[in-house]
file query-v1.csv (CSV, C-alpha atoms (C1' of nucleotides))
chain,number,residue,atom,x,y,z
A,143,MET,CA,0.0,0.0,0.0
A,144,ARG,CA,1.2,3.5,-0.7
A,145,GLY,CA,1.7,5.2,2.6
A,146,GLN,CA,0.9,8.8,3.8
A,147,ALA,CA,-2.8,8.0,4.0
A,148,LEU,CA,-2.8,7.6,7.7
A,149,LYS,CA,-2.1,11.2,8.4
A,150,GLY,CA,-3.8,12.1,11.6
A,151,HIS,CA,-4.8,8.6,12.4
A,152,LEU,CA,-1.4,7.2,13.5
A,153,ASP,CA,-2.0,8.1,17.1
A,154,LEU,CA,-5.2,6.1,17.2
A,155,LEU,CA,-3.4,3.1,15.9
A,156,LEU,CA,-0.5,3.4,18.4
A,157,LEU,CA,-2.9,3.9,21.3
A,158,ALA,CA,-4.9,0.9,20.2
A,159,ILE,CA,-1.8,-1.3,20.0
A,160,LEU,CA,-0.6,-0.3,23.4
A,161,ALA,CA,-4.1,-0.8,24.9
A,162,ASP,CA,-3.4,-4.5,24.8
A,163,GLY,CA,-0.3,-4.2,27.0
A,164,ALA,CA,2.9,-2.3,27.3
A,165,LYS,CA,5.3,-2.8,24.3
A,166,HIS,CA,8.6,-1.3,23.2
A,167,GLY,CA,8.8,0.6,19.9
A,168,TYR,CA,10.1,-2.1,17.7
A,169,ALA,CA,7.4,-4.5,19.0
A,170,VAL,CA,4.8,-1.8,18.2
A,171,ILE,CA,6.0,-1.7,14.6
A,172,ASP,CA,5.8,-5.4,14.4
A,173,GLU,CA,2.4,-5.7,15.9
A,174,LEU,CA,1.1,-3.0,13.6
A,175,ARG,CA,2.4,-4.9,10.6
A,176,THR,CA,1.0,-8.2,11.8
A,177,ARG,CA,-2.4,-7.0,12.7
A,178,SER,CA,-2.9,-5.0,9.5
A,179,ASP,CA,-1.8,-8.0,7.4
A,180,GLU,CA,1.3,-6.1,6.1
A,181,THR,CA,-0.7,-3.0,5.1
A,182,PHE,CA,0.9,-0.8,7.8
A,183,ASP,CA,4.6,-1.4,7.4
A,184,LEU,CA,5.8,1.8,9.0
A,185,PRO,CA,9.4,3.0,9.0
A,186,GLU,CA,11.0,3.7,12.4
A,187,GLY,CA,11.3,7.3,11.5
A,188,THR,CA,7.5,7.5,11.6
A,189,VAL,CA,6.8,5.5,14.7
A,190,TYR,CA,9.5,6.6,17.1
A,191,PRO,CA,8.8,10.3,16.9
A,192,ALA,CA,5.1,9.6,17.2
A,193,LEU,CA,5.7,7.7,20.4
A,194,HIS,CA,7.8,10.5,21.7
A,195,ARG,CA,5.0,12.9,20.9
A,196,LEU,CA,2.4,10.8,22.7
A,197,ASP,CA,4.8,10.4,25.6
A,198,LYS,CA,5.3,14.1,25.9
A,199,ALA,CA,1.6,14.7,25.7
A,200,GLY,CA,1.1,12.4,28.6
A,201,LEU,CA,-0.9,9.8,26.8
A,202,LEU,CA,1.9,7.3,27.2
A,203,ALA,CA,4.5,6.6,29.8
A,204,SER,CA,7.9,5.1,29.0
A,205,GLU,CA,10.4,3.1,30.9
A,206,TRP,CA,13.9,1.9,30.0
A,207,THR,CA,14.9,-1.7,30.3
A,208,VAL,CA,17.7,-3.9,29.1
A,209,VAL,CA,16.9,-7.3,27.6
A,210,GLN,CA,19.8,-9.4,26.5
A,211,GLY,CA,22.2,-6.6,26.2
A,212,ARG,CA,19.8,-4.5,24.2
A,213,ARG,CA,18.2,-1.4,25.6
A,214,ARG,CA,14.5,-1.0,25.2
A,215,ARG,CA,12.1,1.8,25.8
A,216,THR,CA,8.8,0.3,26.8
A,217,TYR,CA,5.6,2.3,26.5
A,218,ARG,CA,2.3,1.9,28.3
A,219,LEU,CA,-1.0,3.8,28.1
A,220,THR,CA,-1.7,6.3,30.9
A,221,ASP,CA,-5.2,7.0,32.1
A,222,ARG,CA,-5.3,10.0,29.9
A,223,GLY,CA,-4.1,7.9,27.0
A,224,ARG,CA,-6.9,5.4,27.6
A,225,GLY,CA,-9.4,8.3,27.6
A,226,ALA,CA,-7.9,9.7,24.4
A,227,LEU,CA,-8.2,6.3,22.8
A,228,GLY,CA,-11.9,6.2,23.5
A,229,GLU,CA,-12.4,9.7,22.0
A,230,GLN,CA,-10.3,8.9,18.9
A,231,ARG,CA,-12.1,5.7,18.4
A,232,HIS,CA,-15.3,7.6,18.3
A,233,ALA,CA,-13.9,10.3,16.1
A,234,TRP,CA,-12.8,7.6,13.7
A,235,GLN,CA,-16.3,6.1,13.4
A,236,VAL,CA,-17.8,9.6,12.8
A,237,PHE,CA,-15.1,10.3,10.2
A,238,THR,CA,-15.6,7.0,8.3
A,239,GLY,CA,-19.3,7.3,8.5
A,240,ALA,CA,-19.1,10.8,6.9
A,241,VAL,CA,-16.8,9.6,4.2
A,242,GLN,CA,-19.1,6.7,3.4
A,243,SER,CA,-22.0,9.1,3.1
A,244,VAL,CA,-20.1,11.2,0.6
A,245,LEU,CA,-18.8,8.2,-1.4
A,246,GLY,CA,-22.2,6.6,-1.5
A,247,GLY,CA,-23.6,9.7,-3.1
A,248,VAL,CA,-25.9,9.6,-6.0
A,249,SER,CA,-24.4,7.3,-8.6
A,250,TRP,CA,-22.2,4.2,-8.1
A,251,PRO,CA,-20.8,3.6,-11.5
A,252,ASP,CA,-17.5,2.1,-10.6
A,253,THR,CA,-18.2,0.0,-7.5
A,254,PRO,CA,-20.8,-2.6,-8.3
B,280,MET,CA,-16.2,17.6,14.4
B,281,ARG,CA,-12.6,18.8,14.7
B,282,GLY,CA,-11.1,19.0,11.2
B,283,GLN,CA,-7.6,18.0,10.0
B,284,ALA,CA,-8.5,14.3,10.2
B,285,LEU,CA,-9.1,14.1,6.5
B,286,LYS,CA,-5.5,14.6,5.6
B,287,GLY,CA,-4.8,12.7,2.5
B,288,HIS,CA,-8.4,11.8,1.8
B,289,LEU,CA,-9.7,15.1,0.6
B,290,ASP,CA,-9.0,14.3,-3.0
B,291,LEU,CA,-11.1,11.2,-2.8
B,292,LEU,CA,-14.0,13.2,-1.5
B,293,LEU,CA,-13.7,15.9,-4.1
B,294,LEU,CA,-13.5,13.4,-6.9
B,295,ALA,CA,-16.5,11.5,-5.6
B,296,ILE,CA,-18.6,14.7,-5.4
B,297,LEU,CA,-17.7,15.7,-9.0
B,298,ALA,CA,-18.4,12.2,-10.2
B,299,ASP,CA,-22.1,13.0,-10.0
B,300,GLY,CA,-21.7,15.9,-12.4
B,301,ALA,CA,-19.7,19.1,-13.0
B,302,LYS,CA,-19.9,21.7,-10.2
B,303,HIS,CA,-18.2,24.9,-9.3
B,304,GLY,CA,-16.1,25.3,-6.1
B,305,TYR,CA,-18.7,26.8,-3.9
B,306,ALA,CA,-21.2,24.2,-4.8
B,307,VAL,CA,-18.7,21.5,-4.1
B,308,ILE,CA,-18.3,22.8,-0.6
B,309,ASP,CA,-22.0,22.9,-0.2
B,310,GLU,CA,-22.5,19.4,-1.4
B,311,LEU,CA,-19.8,18.1,0.8
B,312,ARG,CA,-21.4,19.7,3.8
B,313,THR,CA,-24.9,18.4,2.9
B,314,ARG,CA,-23.9,14.8,2.1
B,315,SER,CA,-21.8,14.4,5.2
B,316,ASP,CA,-24.5,15.8,7.4
B,317,GLU,CA,-22.5,18.9,8.4
B,318,THR,CA,-19.5,16.8,9.4
B,319,PHE,CA,-17.3,18.2,6.6
B,320,ASP,CA,-17.8,21.9,6.7
B,321,LEU,CA,-14.6,22.8,4.9
B,322,PRO,CA,-13.2,26.3,4.6
B,323,GLU,CA,-12.6,27.7,1.1
B,324,GLY,CA,-8.9,27.9,1.8
B,325,THR,CA,-8.9,24.1,2.0
B,326,VAL,CA,-11.1,23.3,-1.0
B,327,TYR,CA,-10.0,25.8,-3.6
B,328,PRO,CA,-6.3,25.0,-3.5
B,329,ALA,CA,-7.2,21.3,-3.6
B,330,LEU,CA,-9.3,21.8,-6.7
B,331,HIS,CA,-6.4,23.6,-8.3
B,332,ARG,CA,-4.1,20.8,-7.5
B,333,LEU,CA,-6.4,18.2,-9.0
B,334,ASP,CA,-6.8,20.4,-12.0
B,335,LYS,CA,-3.1,20.8,-12.5
B,336,ALA,CA,-2.7,17.1,-12.0
B,337,GLY,CA,-5.1,16.5,-14.9
B,338,LEU,CA,-7.7,14.7,-12.8
B,339,LEU,CA,-10.1,17.6,-13.3
B,340,ALA,CA,-10.8,20.1,-16.0
B,341,SER,CA,-12.1,23.6,-15.4
B,342,GLU,CA,-14.1,26.1,-17.3
B,343,TRP,CA,-15.1,29.7,-16.6
B,344,THR,CA,-18.6,30.8,-16.8
B,345,VAL,CA,-20.6,33.8,-15.6
B,346,VAL,CA,-24.0,33.3,-13.9
B,347,GLN,CA,-26.0,36.3,-12.9
B,348,GLY,CA,-23.0,38.6,-12.9
B,349,ARG,CA,-20.9,36.2,-10.8
B,350,ARG,CA,-18.0,34.4,-12.3
B,351,ARG,CA,-17.8,30.7,-11.7
B,352,ARG,CA,-15.1,28.2,-12.3
B,353,THR,CA,-16.8,24.9,-13.0
B,354,TYR,CA,-14.9,21.6,-12.6
B,355,ARG,CA,-15.6,18.2,-14.1
B,356,LEU,CA,-13.9,14.9,-13.9
B,357,THR,CA,-11.5,13.9,-16.7
B,358,ASP,CA,-11.0,10.3,-17.7
B,359,ARG,CA,-7.9,10.2,-15.6
B,360,GLY,CA,-9.9,11.6,-12.8
B,361,ARG,CA,-12.4,8.9,-13.0
B,362,GLY,CA,-9.7,6.3,-13.0
B,363,ALA,CA,-8.1,7.9,-10.0
B,364,LEU,CA,-11.4,7.9,-8.2
B,365,GLY,CA,-11.7,4.2,-8.7
B,366,GLU,CA,-8.2,3.6,-7.4
B,367,GLN,CA,-8.7,5.9,-4.4
B,368,ARG,CA,-12.0,4.3,-3.6
B,369,HIS,CA,-10.2,0.9,-3.4
B,370,ALA,CA,-7.3,2.4,-1.4
B,371,TRP,CA,-9.8,3.8,1.0
B,372,GLN,CA,-11.4,0.4,1.6
B,373,VAL,CA,-8.0,-1.2,2.1
B,374,PHE,CA,-7.1,1.5,4.5
B,375,THR,CA,-10.2,1.3,6.6
B,376,GLY,CA,-10.1,-2.4,6.6
B,377,ALA,CA,-6.6,-2.3,8.0
B,378,VAL,CA,-7.4,0.2,10.6
B,379,GLN,CA,-10.4,-1.9,11.7
B,380,SER,CA,-8.1,-4.9,12.0
B,381,VAL,CA,-5.8,-2.9,14.3
B,382,LEU,CA,-8.6,-1.5,16.3
B,383,GLY,CA,-10.3,-4.8,16.7
B,384,GLY,CA,-7.1,-6.2,18.1
B,385,VAL,CA,-7.2,-8.5,21.1
B,386,SER,CA,-9.3,-6.7,23.7
B,387,TRP,CA,-12.3,-4.4,23.3
B,388,PRO,CA,-12.6,-2.8,26.7
B,389,ASP,CA,-14.2,0.5,25.6
B,390,THR,CA,-16.3,-0.3,22.6
B,391,PRO,CA,-19.0,-2.8,23.6
C,292,DA,C1',-28.5,55.3,0.7
C,293,DT,C1',-26.1,51.9,3.3
C,294,DA,C1',-24.9,48.0,5.5
C,295,DC,C1',-25.0,43.3,5.8
C,296,DT,C1',-25.3,38.6,4.2
C,297,DA,C1',-24.7,35.1,0.8
C,298,DT,C1',-22.4,33.9,-3.2
C,299,DA,C1',-18.0,33.2,-5.5
C,300,DC,C1',-13.3,33.4,-6.3
C,301,DC,C1',-8.1,33.8,-4.9
C,302,DA,C1',-3.1,33.6,-2.5
C,303,DA,C1',0.4,33.8,1.3
C,304,DG,C1',2.0,31.9,5.2
C,305,DG,C1',1.8,28.8,9.3
C,306,DA,C1',1.3,24.3,11.6
C,307,DA,C1',1.1,19.6,11.8
C,308,DT,C1',2.9,15.3,10.7
C,309,DG,C1',4.6,11.4,8.1
C,310,DC,C1',8.7,10.0,5.6
C,311,DT,C1',13.7,9.9,3.9
C,312,DA,C1',18.1,9.5,5.2
C,313,DG,C1',21.5,8.9,8.1
C,314,DG,C1',23.6,7.6,12.5
C,315,DT,C1',24.7,4.4,16.9
C,316,DG,C1',25.0,-0.1,19.1
C,317,DT,C1',24.1,-5.4,20.4
C,318,DC,C1',23.6,-10.2,19.3
C,319,DA,C1',23.4,-14.4,16.5
C,320,DA,C1',24.4,-16.9,12.3
C,321,DG,C1',27.0,-17.9,8.3
D,133,DC,C1',34.0,-11.2,10.3
D,134,DT,C1',30.4,-9.8,7.8
D,135,DT,C1',25.6,-9.8,7.3
D,136,DG,C1',21.1,-9.4,9.1
D,137,DA,C1',17.8,-8.9,12.7
D,138,DC,C1',17.1,-6.3,16.8
D,139,DA,C1',16.6,-1.7,18.9
D,140,DC,C1',17.1,3.0,19.4
D,141,DC,C1',17.6,8.1,17.8
D,142,DT,C1',17.4,13.0,15.1
D,143,DA,C1',17.4,16.5,11.4
D,144,DG,C1',15.3,18.1,7.6
D,145,DC,C1',12.1,17.5,3.6
D,146,DA,C1',7.5,17.4,1.6
D,147,DT,C1',2.9,17.3,1.7
D,148,DT,C1',-1.3,19.1,3.0
D,149,DC,C1',-4.9,21.4,5.5
D,150,DC,C1',-6.1,25.6,7.8
D,151,DT,C1',-5.9,30.6,9.0
D,152,DT,C1',-6.2,35.0,7.4
D,153,DG,C1',-7.1,38.4,4.5
D,154,DG,C1',-8.2,40.2,0.1
D,155,DT,C1',-11.5,41.1,-4.3
D,156,DA,C1',-16.2,41.4,-6.3
D,157,DT,C1',-21.4,40.9,-7.3
D,158,DA,C1',-26.3,40.5,-5.9
D,159,DG,C1',-30.1,40.6,-2.8
D,160,DT,C1',-32.1,42.1,1.5
D,161,DA,C1',-32.6,44.7,5.4
D,162,DT,C1',-32.2,49.2,7.9
call {"tool": "encode", "arguments": {"input": "query-v1.csv", "output": "structure tokens"}}
result
Amino acid sequence: MRGQALKGHLDLLLLAILADGAKHGYAVIDELRTRSDETFDLPEGTVYPALHRLDKAGLLASEWTVVQGRRRRTYRLTDRGRGALGEQRHAWQVFTGAVQSVLGGVSWPDTP
Amino acid sequence: MRGQALKGHLDLLLLAILADGAKHGYAVIDELRTRSDETFDLPEGTVYPALHRLDKAGLLASEWTVVQGRRRRTYRLTDRGRGALGEQRHAWQVFTGAVQSVLGGVSWPDTP
DNA sequence: ATACTATACCAAGGAATGCTAGGTGTCAAG
DNA sequence: CTTGACACCTAGCATTCCTTGGTATAGTAT
């Protein structure tokens, strides 16, 4: 899939992934790829800064650990993060509903 | 609804609106607001540049007319535009499907 | 007459955000 | 001992939507 379509929706995805338990960045990327069936194969340069942003915003909390000589920064949802996830989930439904309404307009010549 | 969520999907919406017949910019804004039940109430500064972009890209063709003393720039889909609409409609479905897969992950604590 | 609203267009600049490109370092396999 | 997987990071670019402000006509209200 050609990327750049998830503008503004990445936070929702990250929060959703981390809602199932704390994970470190690399694992988040992996989980995102797996769950989306390879559709979201995001570069590190996309995910790491986004995690930092959510951390700074107080929606995530991070903690350093070392596993087999490799340092990891593990993220977990804060209470505010869980609240934000609920809001963004709702916003996503409103958004997709509105798009569907526009797409399903008058004529459907190319989507049988 | 708080805007800025449609990043990257505006083109799809505009093409879909114009697929039902040629319209001028102002009418496009109107139609978008009506069809989305007020969800997409886009400022002119968003829509006009986007139409210009699609025009320049060859997905739309424009034509000046004057109606009741007011000049209008009317846009219609080109063949390439119709093709792009089909592609983007498909991409939209892939995208939403993938997001749904991520959101519907393991646990659904806040969406009964 | 005059002001205001709706119609109808435009461009410049800012802000957000995802991506490219590059960098560091550990560990296991070949 | 080199390659690849793991694991992290930042700087700067590009895209794109929005804010702001500008122009102009027509109809309606004051």
call {"tool": "closest_atom_pairs", "arguments": {"input": "query-v1.csv", "of": "chain C", "to": "range 324-345 of chain B", "cutoff": "12 Å", "atoms": "all atoms listed in the file", "output": "tab-separated table"}}
result
residue	atom	partner	partner_atom	distance
C:DA299	C1'	B:Val345	CA	10.4
C:DC300	C1'	B:Tyr327	CA	8.7
C:DC301	C1'	B:Tyr327	CA	8.3
C:DA302	C1'	B:Gly324	CA	9.2
C:DA303	C1'	B:Gly324	CA	11.0
call {"tool": "closest_atom_pairs", "arguments": {"input": "query-v1.csv", "of": "chain B", "to": "chain D", "cutoff": "8 Å", "atoms": "all atoms listed in the file", "output": "CSV"}}
result
residue,atom,partner,partner_atom,distance
B:Gln283,CA,D:DC149,C1',6.3
B:Lys286,CA,D:DT148,C1',6.7
B:Gly287,CA,D:DT148,C1',7.3
B:Pro322,CA,D:DC150,C1',7.8
B:Gly324,CA,D:DC150,C1',7.0
B:Thr325,CA,D:DC149,C1',6.0
B:Gly348,CA,D:DT157,C1',6.3
B:Arg349,CA,D:DT157,C1',5.9
call {"tool": "closest_residue", "arguments": {"input": "query-v1.csv", "among": "A:Ser178, A:Asp221, A:Gln235, A:Ile171", "to": "chain B", "atoms": "all atoms listed in the file"}}
result
A:Ser178
call {"tool": "interface_residues", "arguments": {"input": "query-v1.csv", "of": "chain B", "to": "chain A", "cutoff": "10 Å", "atoms": "only C-alpha atoms", "output": "ChimeraX atom specification"}}
result
/B:280-289,291-296,298-300,310-319,361-362,364-366,368-371,373-390
call {"tool": "atom_distance", "arguments": {"input": "query-v1.csv", "atom1": "C1' of DG316 in chain C", "atom2": "CA of Arg213 in chain A"}}
result
9.5 Å
call {"tool": "atom_distance", "arguments": {"input": "query-v1.csv", "atom1": "CA of Gln230 in chain A", "atom2": "CA of Arg215 in chain A"}}
result
24.5 Å
call {"tool": "closest_atom_pairs", "arguments": {"input": "query-v1.csv", "of": "chain C", "to": "chain A", "cutoff": "8 Å", "atoms": "all atoms listed in the file", "output": "JSON lines"}}
result
{"residue": "C:DT308", "atom": "C1'", "partner": "A:Lys149", "partner_atom": "CA", "distance": 6.9}
{"residue": "C:DG309", "atom": "C1'", "partner": "A:Thr188", "partner_atom": "CA", "distance": 6.0}
{"residue": "C:DC310", "atom": "C1'", "partner": "A:Thr188", "partner_atom": "CA", "distance": 6.6}
{"residue": "C:DT317", "atom": "C1'", "partner": "A:Arg212", "partner_atom": "CA", "distance": 5.8}
{"residue": "C:DC318", "atom": "C1'", "partner": "A:Gly211", "partner_atom": "CA", "distance": 7.9}
call {"tool": "atom_distance", "arguments": {"input": "query-v1.csv", "atom1": "CA of Tyr168 in chain A", "atom2": "C1' of DA306 in chain C"}}
result
28.5 Å
call {"tool": "build_atoms", "arguments": {"input": "query-v1.csv", "residues": "range 293-329 of chain B", "atoms": "N, CA and C atoms", "output": "PDB file, in the coordinates of the input"}}
result
ATOM      1  N   LEU B 293     -13.456  14.953  -3.059  1.00  0.00           N
ATOM      2  CA  LEU B 293     -13.700  15.900  -4.100  1.00  0.00           C
ATOM      3  C   LEU B 293     -14.046  15.164  -5.436  1.00  0.00           C
ATOM      4  N   LEU B 294     -13.261  14.154  -5.729  1.00  0.00           N
ATOM      5  CA  LEU B 294     -13.500  13.400  -6.900  1.00  0.00           C
ATOM      6  C   LEU B 294     -14.872  12.715  -6.890  1.00  0.00           C
ATOM      7  N   ALA B 295     -15.223  12.214  -5.730  1.00  0.00           N
ATOM      8  CA  ALA B 295     -16.500  11.500  -5.600  1.00  0.00           C
ATOM      9  C   ALA B 295     -17.676  12.514  -5.799  1.00  0.00           C
ATOM     10  N   ILE B 296     -17.518  13.705  -5.250  1.00  0.00           N
ATOM     11  CA  ILE B 296     -18.600  14.700  -5.400  1.00  0.00           C
ATOM     12  C   ILE B 296     -18.737  15.068  -6.898  1.00  0.00           C
ATOM     13  N   LEU B 297     -17.615  15.245  -7.579  1.00  0.00           N
ATOM     14  CA  LEU B 297     -17.700  15.700  -9.000  1.00  0.00           C
ATOM     15  C   LEU B 297     -18.020  14.520  -9.923  1.00  0.00           C
ATOM     16  N   ALA B 298     -18.017  13.313  -9.397  1.00  0.00           N
ATOM     17  CA  ALA B 298     -18.400  12.200 -10.200  1.00  0.00           C
ATOM     18  C   ALA B 298     -19.878  12.206 -10.574  1.00  0.00           C
ATOM     19  N   ASP B 299     -20.645  12.947  -9.802  1.00  0.00           N
ATOM     20  CA  ASP B 299     -22.100  13.000 -10.000  1.00  0.00           C
ATOM     21  C   ASP B 299     -22.450  14.218 -10.924  1.00  0.00           C
ATOM     22  N   GLY B 300     -21.444  14.816 -11.564  1.00  0.00           N
ATOM     23  CA  GLY B 300     -21.700  15.900 -12.400  1.00  0.00           C
ATOM     24  C   GLY B 300     -20.832  17.124 -12.119  1.00  0.00           C
ATOM     25  N   ALA B 301     -20.594  17.958 -13.117  1.00  0.00           N
ATOM     26  CA  ALA B 301     -19.700  19.100 -13.000  1.00  0.00           C
ATOM     27  C   ALA B 301     -20.322  20.086 -11.941  1.00  0.00           C
ATOM     28  N   LYS B 302     -19.433  20.692 -11.167  1.00  0.00           N
ATOM     29  CA  LYS B 302     -19.900  21.700 -10.200  1.00  0.00           C
ATOM     30  C   LYS B 302     -18.782  22.742 -10.023  1.00  0.00           C
ATOM     31  N   HIS B 303     -19.165  23.922  -9.556  1.00  0.00           N
ATOM     32  CA  HIS B 303     -18.200  24.900  -9.300  1.00  0.00           C
ATOM     33  C   HIS B 303     -17.779  24.813  -7.779  1.00  0.00           C
ATOM     34  N   GLY B 304     -16.667  25.425  -7.416  1.00  0.00           N
ATOM     35  CA  GLY B 304     -16.100  25.300  -6.100  1.00  0.00           C
ATOM     36  C   GLY B 304     -17.023  25.443  -4.944  1.00  0.00           C
ATOM     37  N   TYR B 305     -17.750  26.523  -5.001  1.00  0.00           N
ATOM     38  CA  TYR B 305     -18.700  26.800  -3.900  1.00  0.00           C
ATOM     39  C   TYR B 305     -19.717  25.731  -3.747  1.00  0.00           C
ATOM     40  N   ALA B 306     -20.188  25.239  -4.875  1.00  0.00           N
ATOM     41  CA  ALA B 306     -21.200  24.200  -4.800  1.00  0.00           C
ATOM     42  C   ALA B 306     -20.617  22.885  -4.306  1.00  0.00           C
ATOM     43  N   VAL B 307     -19.346  22.655  -4.579  1.00  0.00           N
ATOM     44  CA  VAL B 307     -18.700  21.500  -4.100  1.00  0.00           C
ATOM     45  C   VAL B 307     -18.646  21.503  -2.536  1.00  0.00           C
ATOM     46  N   ILE B 308     -18.298  22.674  -2.010  1.00  0.00           N
ATOM     47  CA  ILE B 308     -18.300  22.800  -0.600  1.00  0.00           C
ATOM     48  C   ILE B 308     -19.652  22.561   0.041  1.00  0.00           C
ATOM     49  N   ASP B 309     -20.665  23.104  -0.619  1.00  0.00           N
ATOM     50  CA  ASP B 309     -22.000  22.900  -0.200  1.00  0.00           C
ATOM     51  C   ASP B 309     -22.436  21.436  -0.167  1.00  0.00           C
ATOM     52  N   GLU B 310     -22.153  20.795  -1.269  1.00  0.00           N
ATOM     53  CA  GLU B 310     -22.500  19.400  -1.400  1.00  0.00           C
ATOM     54  C   GLU B 310     -21.811  18.515  -0.391  1.00  0.00           C
ATOM     55  N   LEU B 311     -20.558  18.865  -0.147  1.00  0.00           N
ATOM     56  CA  LEU B 311     -19.800  18.100   0.800  1.00  0.00           C
ATOM     57  C   LEU B 311     -20.375  18.248   2.219  1.00  0.00           C
ATOM     58  N   ARG B 312     -20.813  19.437   2.526  1.00  0.00           N
ATOM     59  CA  ARG B 312     -21.400  19.700   3.800  1.00  0.00           C
ATOM     60  C   ARG B 312     -22.766  18.945   3.951  1.00  0.00           C
ATOM     61  N   THR B 313     -23.536  19.012   2.891  1.00  0.00           N
ATOM     62  CA  THR B 313     -24.900  18.400   2.900  1.00  0.00           C
ATOM     63  C   THR B 313     -24.751  16.861   3.016  1.00  0.00           C
ATOM     64  N   ARG B 314     -23.950  16.288   2.126  1.00  0.00           N
ATOM     65  CA  ARG B 314     -23.900  14.800   2.100  1.00  0.00           C
ATOM     66  C   ARG B 314     -23.289  14.237   3.367  1.00  0.00           C
ATOM     67  N   SER B 315     -22.397  14.976   4.006  1.00  0.00           N
ATOM     68  CA  SER B 315     -21.800  14.400   5.200  1.00  0.00           C
ATOM     69  C   SER B 315     -22.545  14.833   6.466  1.00  0.00           C
ATOM     70  N   ASP B 316     -23.723  15.414   6.256  1.00  0.00           N
ATOM     71  CA  ASP B 316     -24.500  15.800   7.400  1.00  0.00           C
ATOM     72  C   ASP B 316     -23.771  16.769   8.299  1.00  0.00           C
ATOM     73  N   GLU B 317     -23.180  17.809   7.697  1.00  0.00           N
ATOM     74  CA  GLU B 317     -22.500  18.900   8.400  1.00  0.00           C
ATOM     75  C   GLU B 317     -21.114  18.470   8.978  1.00  0.00           C
ATOM     76  N   THR B 318     -20.744  17.213   8.822  1.00  0.00           N
ATOM     77  CA  THR B 318     -19.500  16.800   9.400  1.00  0.00           C
ATOM     78  C   THR B 318     -18.297  17.474   8.646  1.00  0.00           C
ATOM     79  N   PHE B 319     -18.367  17.520   7.343  1.00  0.00           N
ATOM     80  CA  PHE B 319     -17.300  18.200   6.600  1.00  0.00           C
ATOM     81  C   PHE B 319     -17.760  19.557   6.153  1.00  0.00           C
ATOM     82  N   ASP B 320     -17.436  20.531   6.974  1.00  0.00           N
ATOM     83  CA  ASP B 320     -17.800  21.900   6.700  1.00  0.00           C
ATOM     84  C   ASP B 320     -16.460  22.638   6.395  1.00  0.00           C
ATOM     85  N   LEU B 321     -15.945  22.423   5.203  1.00  0.00           N
ATOM     86  CA  LEU B 321     -14.600  22.800   4.900  1.00  0.00           C
ATOM     87  C   LEU B 321     -14.447  24.278   4.501  1.00  0.00           C
ATOM     88  N   PRO B 322     -13.419  24.945   5.002  1.00  0.00           N
ATOM     89  CA  PRO B 322     -13.200  26.300   4.600  1.00  0.00           C
ATOM     90  C   PRO B 322     -12.697  26.404   3.162  1.00  0.00           C
ATOM     91  N   GLU B 323     -12.964  27.541   2.550  1.00  0.00           N
ATOM     92  CA  GLU B 323     -12.600  27.700   1.100  1.00  0.00           C
ATOM     93  C   GLU B 323     -11.098  27.550   0.929  1.00  0.00           C
ATOM     94  N   GLY B 324     -10.348  28.018   1.901  1.00  0.00           N
ATOM     95  CA  GLY B 324      -8.900  27.900   1.800  1.00  0.00           C
ATOM     96  C   GLY B 324      -8.405  26.485   1.767  1.00  0.00           C
ATOM     97  N   THR B 325      -9.278  25.559   2.098  1.00  0.00           N
ATOM     98  CA  THR B 325      -8.900  24.100   2.000  1.00  0.00           C
ATOM     99  C   THR B 325      -9.325  23.599   0.620  1.00  0.00           C
ATOM    100  N   VAL B 326     -10.522  23.935   0.202  1.00  0.00           N
ATOM    101  CA  VAL B 326     -11.100  23.300  -1.000  1.00  0.00           C
ATOM    102  C   VAL B 326     -10.502  23.894  -2.293  1.00  0.00           C
ATOM    103  N   TYR B 327     -10.426  25.212  -2.375  1.00  0.00           N
ATOM    104  CA  TYR B 327     -10.000  25.800  -3.600  1.00  0.00           C
ATOM    105  C   TYR B 327      -8.559  25.356  -4.020  1.00  0.00           C
ATOM    106  N   PRO B 328      -7.610  25.439  -3.130  1.00  0.00           N
ATOM    107  CA  PRO B 328      -6.300  25.000  -3.500  1.00  0.00           C
ATOM    108  C   PRO B 328      -6.270  23.491  -3.905  1.00  0.00           C
ATOM    109  N   ALA B 329      -7.120  22.705  -3.257  1.00  0.00           N
ATOM    110  CA  ALA B 329      -7.200  21.300  -3.600  1.00  0.00           C
ATOM    111  C   ALA B 329      -7.711  21.078  -5.001  1.00  0.00           C
TER     112      ALA B 329
END
